[in-house]
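Source file coords18.cif; content: mmCIF, C-alpha atoms, pLDDT in the B column; chains and numbers go by the auth columns.
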```cif
data_protein
loop_
_atom_site.group_PDB
_atom_site.id
_atom_site.type_symbol
_atom_site.label_atom_id
_atom_site.label_comp_id
_atom_site.label_asym_id
_atom_site.label_seq_id
_atom_site.Cartn_x
_atom_site.Cartn_y
_atom_site.Cartn_z
_atom_site.B_iso_or_equiv
_atom_site.auth_seq_id
_atom_site.auth_asym_id
ATOM 1 C CA MET A 1 75.556 245.073 83.572 56.00 1 J
ATOM 2 C CA ASN A 2 71.917 245.886 82.935 65.00 2 J
ATOM 3 C CA ARG A 3 69.448 243.503 81.333 69.00 3 J
ATOM 4 C CA ARG A 4 69.385 245.047 77.864 71.00 4 J
ATOM 5 C CA TRP A 5 73.067 244.191 77.367 68.00 5 J
ATOM 6 C CA LEU A 6 72.791 240.815 79.031 69.00 6 J
ATOM 7 C CA TRP A 7 70.520 239.389 76.330 77.00 7 J
ATOM 8 C CA LEU A 8 73.276 240.076 73.767 77.00 8 J
ATOM 9 C CA TRP A 9 76.320 239.220 75.855 76.00 9 J
ATOM 10 C CA VAL A 10 75.287 235.831 77.242 81.00 10 J
ATOM 11 C CA PRO A 11 74.295 234.262 73.878 85.00 11 J
ATOM 12 C CA LEU A 12 77.558 235.445 72.321 83.00 12 J
ATOM 13 C CA LEU A 13 79.573 233.854 75.116 82.00 13 J
ATOM 14 C CA LEU A 14 77.549 230.663 74.806 86.00 14 J
ATOM 15 C CA VAL A 15 78.243 230.559 71.056 86.00 15 J
ATOM 16 C CA ALA A 16 81.944 231.099 71.745 84.00 16 J
ATOM 17 C CA LEU A 17 81.955 228.299 74.311 85.00 17 J
ATOM 18 C CA ALA A 18 79.961 225.890 72.116 86.00 18 J
ATOM 19 C CA PHE A 19 82.207 226.511 69.124 82.00 19 J
ATOM 20 C CA ARG A 20 85.357 225.857 71.142 81.00 20 J
ATOM 21 C CA ILE A 21 83.971 222.793 72.902 86.00 21 J
ATOM 22 C CA GLY A 22 82.937 221.367 69.519 83.00 22 J
ATOM 23 C CA PHE A 23 86.478 221.657 68.199 80.00 23 J
ATOM 24 C CA PHE A 24 87.837 220.337 71.488 81.00 24 J
ATOM 25 C CA VAL A 25 85.697 217.184 71.344 85.00 25 J
ATOM 26 C CA PHE A 26 86.559 216.700 67.672 82.00 26 J
ATOM 27 C CA ALA A 27 90.265 217.027 68.458 78.00 27 J
ATOM 28 C CA LEU A 28 90.071 214.520 71.311 82.00 28 J
ATOM 29 C CA HIS A 29 88.538 211.873 69.075 84.00 29 J
ATOM 30 C CA HIS A 30 90.146 212.520 65.690 83.00 30 J
ATOM 31 C CA ALA A 31 93.471 214.354 65.993 79.00 31 J
ATOM 32 C CA PRO A 32 96.586 212.593 67.288 81.00 32 J
ATOM 33 C CA LEU A 33 98.778 214.348 69.828 80.00 33 J
ATOM 34 C CA SER A 34 101.302 216.559 68.026 78.00 34 J
ATOM 35 C CA SER A 35 104.847 217.507 68.939 77.00 35 J
ATOM 36 C CA ASP A 36 103.622 221.093 69.467 76.00 36 J
ATOM 37 C CA GLU A 37 101.457 219.747 72.271 79.00 37 J
ATOM 38 C CA ALA A 38 103.881 217.163 73.611 83.00 38 J
ATOM 39 C CA TRP A 39 106.916 219.458 73.921 83.00 39 J
ATOM 40 C CA PRO A 40 105.408 221.907 76.452 85.00 40 J
ATOM 41 C CA SER A 41 103.764 219.032 78.286 88.00 41 J
ATOM 42 C CA LEU A 42 107.068 217.208 78.617 91.00 42 J
ATOM 43 C CA MET A 43 108.552 220.411 80.008 92.00 43 J
ATOM 44 C CA ALA A 44 105.565 220.628 82.369 93.00 44 J
ATOM 45 C CA MET A 45 106.418 217.197 83.743 94.00 45 J
ATOM 46 C CA HIS A 46 109.976 218.390 84.361 95.00 46 J
ATOM 47 C CA ILE A 47 108.581 221.513 86.091 96.00 47 J
ATOM 48 C CA LEU A 48 106.661 219.219 88.427 96.00 48 J
ATOM 49 C CA LYS A 49 109.969 217.510 89.252 96.00 49 J
ATOM 50 C CA GLY A 50 111.631 220.800 90.243 95.00 50 J
ATOM 51 C CA GLU A 51 113.005 222.361 87.052 94.00 51 J
ATOM 52 C CA PHE A 52 112.034 225.979 86.391 92.00 52 J
ATOM 53 C CA PRO A 53 112.903 226.815 82.778 90.00 53 J
ATOM 54 C CA VAL A 54 112.486 230.339 81.437 87.00 54 J
ATOM 55 C CA VAL A 55 112.604 229.460 77.726 86.00 55 J
ATOM 56 C CA TYR A 56 111.929 226.289 75.757 83.00 56 J
ATOM 57 C CA TRP A 57 114.702 223.758 75.571 82.00 57 J
ATOM 58 C CA GLY A 58 117.090 224.513 72.718 80.00 58 J
ATOM 59 C CA GLN A 59 115.554 227.952 72.075 79.00 59 J
ATOM 60 C CA THR A 60 116.418 231.417 73.298 76.00 60 J
ATOM 61 C CA TYR A 61 113.240 233.281 72.507 74.00 61 J
ATOM 62 C CA MET A 62 110.041 231.513 73.561 74.00 62 J
ATOM 63 C CA GLY A 63 108.799 231.738 77.152 79.00 63 J
ATOM 64 C CA THR A 64 107.391 228.730 78.969 85.00 64 J
ATOM 65 C CA GLN A 65 104.040 230.106 80.154 82.00 65 J
ATOM 66 C CA GLU A 66 102.275 227.239 78.431 83.00 66 J
ATOM 67 C CA SER A 67 104.391 224.650 80.230 88.00 67 J
ATOM 68 C CA TYR A 68 103.646 226.173 83.620 91.00 68 J
ATOM 69 C CA LEU A 69 99.919 226.154 82.861 87.00 69 J
ATOM 70 C CA ASP A 70 100.231 222.546 81.706 89.00 70 J
ATOM 71 C CA ALA A 71 102.128 221.676 84.902 94.00 71 J
ATOM 72 C CA GLY A 72 99.236 222.869 87.049 93.00 72 J
ATOM 73 C CA LEU A 73 96.719 220.900 85.011 93.00 73 J
ATOM 74 C CA ILE A 74 98.875 217.770 84.934 94.00 74 J
ATOM 75 C CA ALA A 75 99.341 217.985 88.707 95.00 75 J
ATOM 76 C CA MET A 76 95.558 218.135 89.169 95.00 76 J
ATOM 77 C CA PHE A 77 94.332 215.706 86.489 93.00 77 J
ATOM 78 C CA GLY A 78 97.303 213.586 85.389 92.00 78 J
ATOM 79 C CA ALA A 79 99.199 213.457 82.090 90.00 79 J
ATOM 80 C CA THR A 80 96.534 212.585 79.541 89.00 80 J
ATOM 81 C CA THR A 81 95.626 213.898 76.106 87.00 81 J
ATOM 82 C CA LEU A 82 92.506 215.437 77.624 88.00 82 J
ATOM 83 C CA THR A 83 94.579 217.329 80.192 88.00 83 J
ATOM 84 C CA ILE A 84 97.137 218.466 77.647 85.00 84 J
ATOM 85 C CA ARG A 85 94.405 219.838 75.398 83.00 85 J
ATOM 86 C CA LEU A 86 92.442 221.428 78.217 85.00 86 J
ATOM 87 C CA TYR A 87 94.491 224.609 78.550 82.00 87 J
ATOM 88 C CA PRO A 88 93.902 225.769 74.932 80.00 88 J
ATOM 89 C CA LEU A 89 90.154 225.385 75.461 82.00 89 J
ATOM 90 C CA VAL A 90 90.232 227.346 78.696 84.00 90 J
ATOM 91 C CA LEU A 91 92.583 230.045 77.394 84.00 91 J
ATOM 92 C CA SER A 92 90.710 230.531 74.142 83.00 92 J
ATOM 93 C CA PHE A 93 87.462 231.109 76.042 85.00 93 J
ATOM 94 C CA LEU A 94 89.187 233.245 78.665 88.00 94 J
ATOM 95 C CA PHE A 95 90.628 235.355 75.832 88.00 95 J
ATOM 96 C CA VAL A 96 87.095 236.148 74.657 87.00 96 J
ATOM 97 C CA ALA A 97 86.034 237.186 78.172 89.00 97 J
ATOM 98 C CA VAL A 98 89.173 239.261 78.835 93.00 98 J
ATOM 99 C CA THR A 99 88.862 240.974 75.456 92.00 99 J
ATOM 100 C CA TYR A 100 85.293 241.931 76.321 90.00 100 J
ATOM 101 C CA GLY A 101 86.411 243.419 79.634 91.00 101 J
ATOM 102 C CA LEU A 102 89.267 245.303 78.007 94.00 102 J
ATOM 103 C CA ALA A 103 87.080 246.708 75.223 95.00 103 J
ATOM 104 C CA VAL A 104 84.435 247.828 77.735 92.00 104 J
ATOM 105 C CA ARG A 105 86.990 249.580 79.925 92.00 105 J
ATOM 106 C CA VAL A 106 88.827 251.267 77.064 93.00 106 J
ATOM 107 C CA PHE A 107 85.785 252.076 74.892 94.00 107 J
ATOM 108 C CA ASP A 108 82.239 251.058 75.869 91.00 108 J
ATOM 109 C CA ARG A 109 79.841 248.113 75.997 89.00 109 J
ATOM 110 C CA VAL A 110 79.109 248.279 72.293 90.00 110 J
ATOM 111 C CA ALA A 111 82.807 247.808 71.521 92.00 111 J
ATOM 112 C CA GLY A 112 82.882 244.929 74.003 90.00 112 J
ATOM 113 C CA LEU A 113 79.937 243.218 72.334 89.00 113 J
ATOM 114 C CA VAL A 114 81.433 243.726 68.878 90.00 114 J
ATOM 115 C CA SER A 115 84.692 242.193 70.136 90.00 115 J
ATOM 116 C CA VAL A 116 82.889 239.179 71.551 87.00 116 J
ATOM 117 C CA ALA A 117 80.858 238.814 68.356 87.00 117 J
ATOM 118 C CA LEU A 118 84.035 238.810 66.266 87.00 118 J
ATOM 119 C CA LEU A 119 85.780 236.330 68.572 85.00 119 J
ATOM 120 C CA ALA A 120 82.784 234.077 69.259 84.00 120 J
ATOM 121 C CA VAL A 121 83.055 232.295 65.923 79.00 121 J
ATOM 122 C CA PRO A 122 86.607 232.886 64.722 72.00 122 J
ATOM 123 C CA VAL A 123 88.039 231.900 61.394 69.00 123 J
ATOM 124 C CA PRO A 124 88.062 228.066 61.340 67.00 124 J
ATOM 125 C CA TYR A 125 91.799 227.897 60.602 63.00 125 J
ATOM 126 C CA LEU A 126 92.613 229.947 63.688 61.00 126 J
ATOM 127 C CA THR A 127 90.303 227.831 65.815 61.00 127 J
ATOM 128 C CA MET A 128 91.902 224.635 64.544 60.00 128 J
ATOM 129 C CA CYS A 129 95.325 226.083 65.333 60.00 129 J
ATOM 130 C CA GLY A 130 94.126 227.243 68.722 56.00 130 J
ATOM 131 C CA VAL A 131 92.205 224.164 69.819 55.00 131 J
ATOM 132 C CA LEU A 132 93.189 221.229 67.625 53.00 132 J
ATOM 133 C CA VAL A 133 96.937 221.802 67.498 56.00 133 J
ATOM 134 C CA PRO A 134 97.823 224.922 69.459 57.00 134 J
ATOM 135 C CA PRO A 135 100.946 226.685 68.249 59.00 135 J
ATOM 136 C CA ASP A 136 103.521 227.221 70.956 57.00 136 J
ATOM 137 C CA ASN A 137 102.340 229.886 73.389 69.00 137 J
ATOM 138 C CA TYR A 138 100.019 231.783 71.018 74.00 138 J
ATOM 139 C CA LEU A 139 97.012 231.443 73.289 77.00 139 J
ATOM 140 C CA ALA A 140 99.021 232.060 76.437 78.00 140 J
ATOM 141 C CA VAL A 141 100.597 235.218 75.039 82.00 141 J
ATOM 142 C CA THR A 142 97.338 236.678 73.708 85.00 142 J
ATOM 143 C CA THR A 143 95.292 235.856 76.803 88.00 143 J
ATOM 144 C CA LEU A 144 97.868 236.797 79.426 87.00 144 J
ATOM 145 C CA GLY A 145 98.895 239.871 77.416 90.00 145 J
ATOM 146 C CA SER A 146 95.288 241.069 77.231 93.00 146 J
ATOM 147 C CA LEU A 147 94.891 240.441 80.943 93.00 147 J
ATOM 148 C CA ALA A 148 98.047 242.493 81.587 94.00 148 J
ATOM 149 C CA LEU A 149 96.596 245.332 79.485 94.00 149 J
ATOM 150 C CA LEU A 150 93.376 245.147 81.485 93.00 150 J
ATOM 151 C CA LEU A 151 95.249 245.370 84.794 93.00 151 J
ATOM 152 C CA THR A 152 97.420 248.208 83.482 94.00 152 J
ATOM 153 C CA HIS A 153 94.337 250.146 82.382 94.00 153 J
ATOM 154 C CA ASP A 154 92.804 249.712 85.829 91.00 154 J
ATOM 155 C CA LEU A 155 95.997 250.833 87.579 92.00 155 J
ATOM 156 C CA VAL A 156 96.254 253.954 85.423 93.00 156 J
ATOM 157 C CA TYR A 157 92.619 255.023 85.221 93.00 157 J
ATOM 158 C CA ARG A 158 90.930 253.759 88.389 89.00 158 J
ATOM 159 C CA PRO A 159 91.411 255.456 91.734 90.00 159 J
ATOM 160 C CA ALA A 160 93.444 253.556 94.286 89.00 160 J
ATOM 161 C CA ASP A 161 91.355 251.209 96.402 90.00 161 J
ATOM 162 C CA ARG A 162 91.793 248.013 98.390 89.00 162 J
ATOM 163 C CA TRP A 163 92.386 246.039 95.141 89.00 163 J
ATOM 164 C CA THR A 164 95.245 248.224 93.847 91.00 164 J
ATOM 165 C CA LEU A 165 97.968 246.179 95.519 90.00 165 J
ATOM 166 C CA TRP A 166 96.432 242.985 94.093 91.00 166 J
ATOM 167 C CA ARG A 167 96.389 244.547 90.608 91.00 167 J
ATOM 168 C CA PHE A 168 100.086 245.401 90.907 92.00 168 J
ATOM 169 C CA GLY A 169 100.818 241.883 92.120 92.00 169 J
ATOM 170 C CA GLY A 170 98.771 240.344 89.313 91.00 170 J
ATOM 171 C CA LEU A 171 100.517 242.495 86.732 91.00 171 J
ATOM 172 C CA GLY A 172 103.905 241.489 88.127 90.00 172 J
ATOM 173 C CA PHE A 173 102.900 237.840 88.043 87.00 173 J
ATOM 174 C CA LEU A 174 101.724 238.050 84.440 83.00 174 J
#
```
structure tokens encoding of this file:
Amino acid sequence: MNRRWLWLWVPLLLVALAFRIGFFVFALHHAPLSSDEAWPSLMAMHILKGEFPVVYWGQTYMGTQESYLDAGLIAMFGATTLTIRLYPLVLSFLFVAVTYGLAVRVFDRVAGLVSVALLAVPVPYLTMCGVLVPPDNYLAVTTLGSLALLLTHDLVYRPADRWTLWRFGGLGFL
């Protein structure tokens, strides 16, 4: 990335990060833990004990990506409100970065910057739903789905190289 794009890209990412961290800190101090946060985290604790569910308990349609992400965080940092709310912060910021990469590969840098600008300061309701009380799997599906699209684009349009096998593996994992 050359310098003329960098002066636009970096401030937009910093705004996106600051906005999300602001909501994250607000949520930690002012919003009680909700059942939408506790349910996947409880499943994450069961994952750490050896269960490997494919869908949420009592449902036949919602995958457990969120619970597996929570399980990794809980294993590293313990079962706290901070840990449980960490994955939405990380995924919401990662979604901005992945969307930039996808827009650049499919279109150009201008489209990538426009995408980041639109996602940097999202509609407050969506940010509250994504950081304060994340709906089940919304962030996981959008972020991991965009990452899968990015890998698919690379597999289709880039020549085979030493990373091709890793891209296939990553796509299979996602």
So what does the PyMOL selection byres ((chain J and resi 149-157) around 10) actually pick up in this one, as a ChimeraX atom specification? /J:98-99,101-103,105-106,143-148,158-161,163-171,174
Taken to one decimal, the atom CA of J:His46-atom CA of J:Arg85 distance is 18.0 Å
With distances taken over all atoms listed in the file, which of J:Tyr138, J:Val116, J:Ile74, J:Thr81 is nearest to J:Lys49?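 Smallest separation from J:Lys49 among the options: J:Ile74.
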Identify, on the basis of only C-alpha atoms, every residue whose closest approach to J:Ile21 does not exceed 10 Å; exclude the query and any residue fewer than 4 positions from it along the same chain; express the result as a PyMOL selection string. chain J and resi 15-17+25-27+89-90+93+131
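Atom CA of J:Gly63 sits 26.1 Å away from atom CA of J:Phe23.
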Apply the PyMOL selection byres ((chain J and resi 119) around 12) to the displayed file and report the matching residues as a ChimeraX atom specification. /J:12-17,19-20,92-100,112-118,120-124,126-127
Separation of atom CA of J:Leu42 and atom CA of J:Tyr61, in Å?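 Taking atom CA of J:Leu42 and atom CA of J:Tyr61, their separation equals 18.3 Å.
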Take the PyMOL selection byres ((chain J and resi 84) around 10), run it mentally on this structure, and tell me the resulting residues as number ranges by chain. J: 33, 37-38, 40-41, 44, 67, 69-71, 73-74, 77-83, 85-88
Quick one: what's the axis-aligned box for stretch 23-31 of chain J, all listed atoms, 5 Å on every side, centre and edges in Å to one decimal, as AutoDock Vina command-line options?
```
--center_x 89.6 --center_y 216.8 --center_z 68.6 --size_x 17.8 --size_y 19.8 --size_z 15.8
```
